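**Q** The file below is input_1.csv, CSV, C-alpha atoms:
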```csv
chain,number,residue,atom,x,y,z
A,23,MET,CA,-1.8,11.0,-2.5
A,24,THR,CA,-2.3,10.6,-6.2
A,25,GLU,CA,0.3,9.0,-8.5
A,26,SER,CA,1.0,12.4,-10.2
A,27,ALA,CA,1.4,14.2,-6.9
A,28,ALA,CA,3.7,11.5,-5.4
A,29,THR,CA,5.8,11.3,-8.6
A,30,SER,CA,6.2,15.1,-8.7
A,31,LEU,CA,7.2,15.2,-5.1
A,32,LEU,CA,9.9,12.6,-5.6
A,33,GLN,CA,11.2,14.1,-8.8
A,34,ASN,CA,11.4,17.5,-7.2
A,35,ALA,CA,13.4,16.0,-4.4
A,36,GLY,CA,15.9,14.7,-7.0
A,37,PHE,CA,14.8,11.1,-7.5
A,38,LYS,CA,14.0,9.1,-10.5
A,39,VAL,CA,10.6,7.4,-10.3
A,40,THR,CA,9.3,4.1,-11.6
A,41,VAL,CA,5.7,3.2,-11.1
A,42,SER,CA,4.3,-0.3,-10.4
A,43,LEU,CA,0.6,-1.1,-10.1
A,44,THR,CA,-0.4,-3.2,-7.0
A,45,SER,CA,-3.5,-4.8,-5.7
A,46,SER,CA,-4.8,-2.7,-2.8
A,47,PRO,CA,-8.0,-1.6,-1.1
A,48,SER,CA,-7.0,2.0,-1.5
A,49,ALA,CA,-8.7,4.0,-4.2
A,50,ARG,CA,-7.4,3.4,-7.8
A,51,GLY,CA,-4.5,5.7,-8.6
A,52,THR,CA,-3.5,6.3,-5.0
A,53,ALA,CA,0.2,5.9,-4.0
A,54,THR,CA,0.3,3.1,-1.4
A,55,ALA,CA,4.0,2.5,-0.8
A,56,THR,CA,7.6,3.0,-2.1
A,57,ALA,CA,10.3,0.3,-2.5
A,58,ARG,CA,12.7,2.4,-0.5
A,59,SER,CA,12.4,3.3,3.1
A,60,GLY,CA,14.9,5.4,5.1
A,61,ALA,CA,17.5,7.5,3.3
A,62,ALA,CA,18.2,7.4,-0.4
A,63,LEU,CA,20.7,9.5,-2.4
A,64,PRO,CA,19.4,12.0,-4.9
A,65,GLY,CA,19.5,10.5,-8.3
A,66,SER,CA,18.4,7.1,-6.9
A,67,THR,CA,15.4,5.4,-8.5
A,68,ILE,CA,12.4,5.0,-6.2
A,69,THR,CA,9.7,2.5,-7.1
A,70,LEU,CA,6.2,4.0,-6.4
A,71,TYR,CA,3.4,1.5,-5.9
A,72,ILE,CA,0.0,2.7,-7.1
A,73,SER,CA,-3.3,1.0,-6.2
A,74,ASP,CA,-5.2,-0.5,-9.0
A,75,GLY,CA,-8.3,-0.5,-6.7
A,76,SER,CA,-8.9,-4.2,-7.2
A,77,SER,CA,-8.9,-5.4,-3.6
A,78,THR,CA,-11.5,-4.7,-1.0
A,79,PRO,CA,-10.7,-4.8,2.7
A,80,SER,CA,-12.2,-7.6,4.7
A,81,THR,CA,-14.4,-6.3,7.6
A,82,THR,CA,-15.8,-9.7,8.7
A,83,THR,CA,-15.8,-10.1,12.4
A,84,THR,CA,-16.6,-13.5,14.0
A,85,SER,CA,-17.4,-14.5,17.5
A,86,PRO,CA,-17.0,-18.0,18.9
A,87,SER,CA,-20.2,-20.0,18.9
A,88,PRO,CA,-21.4,-21.2,22.3
A,89,SER,CA,-20.2,-24.8,21.4
A,90,ASP,CA,-16.7,-23.4,20.8
A,91,THR,CA,-16.5,-21.7,24.2
A,92,PRO,CA,-15.1,-23.9,27.1
A,93,GLY,CA,-17.5,-24.4,29.9
A,94,PRO,CA,-17.6,-26.1,33.3
A,95,ARG,CA,-17.1,-29.8,33.3
```
Would you mind writing the structure in this file as structure tokens?
**A**
Amino acid sequence: MTESAATSLLQNAGFKVTVSLTSSPSARGTATATARSGAALPGSTITLYISDGSSTPSTTTTSPSPSDTPGPR
């Protein structure tokens, strides 16, 4: 969800919104998290974390080499 869509959604639900940029593999400008989880009272301030797009996910997979694998003695 975009920053503007997430902000509008929260404001329309009666919350105040502050925005904080965060390092994330998500696309730049994407809402990644909020500082509140569970219930919050209308009028409460919710911090919305927005990806700055600076991180990339690690997809490296390694397998043990034959010398790392225990064998018969």
**Q** Between CA of Thr54 (chain A) and CA of Ser73 (chain A), what is the distance, to one decimal in Å?
**A**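 Computed distance, CA of Thr54 (chain A) to CA of Ser73 (chain A), equals 6.4 Å.
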**Q** Excluding Thr24 (chain A) and residues on its chain fewer than 4 positions from it, collect all residues at most 12 Å away from it, counting all atoms listed in the file, and give them as a count of residues only.
**A** 18
**Q** Find the residue from A:Ser42, A:Ala35, A:Glu25, A:Pro47 that sits nearest to Leu63 (chain A); use all atoms listed in the file when measuring.
**A** A:Ala35
**Q** For the atom pair CA of Gln33 (chain A) and CA of Ser77 (chain A), what is the interatomic distance in Å to one decimal place?
**A**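 Spanning CA of Gln33 (chain A) to CA of Ser77 (chain A) is a straight-line distance of 28.5 Å.
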**Q** Using CA of Thr40 (chain A) and CA of Ala61 (chain A) as the two end points, give the distance in Å to one decimal.
**A**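 CA of Thr40 (chain A) sits 17.3 Å away from CA of Ala61 (chain A).
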**Q** Which is closest to Gly75 (chain A) among A:Leu43, A:Ala57, A:Leu32, A:Met23, if we use only C-alpha atoms?
**A** A:Leu43
**Q** Please provide the set of residues having any atom within 8 Å of Gly65 (chain A), restricted to all atoms listed in the file, with same-chain residues fewer than 6 positions apart removed, written as a list in words.
**A** Gly36, Phe37 and Lys38 of chain A
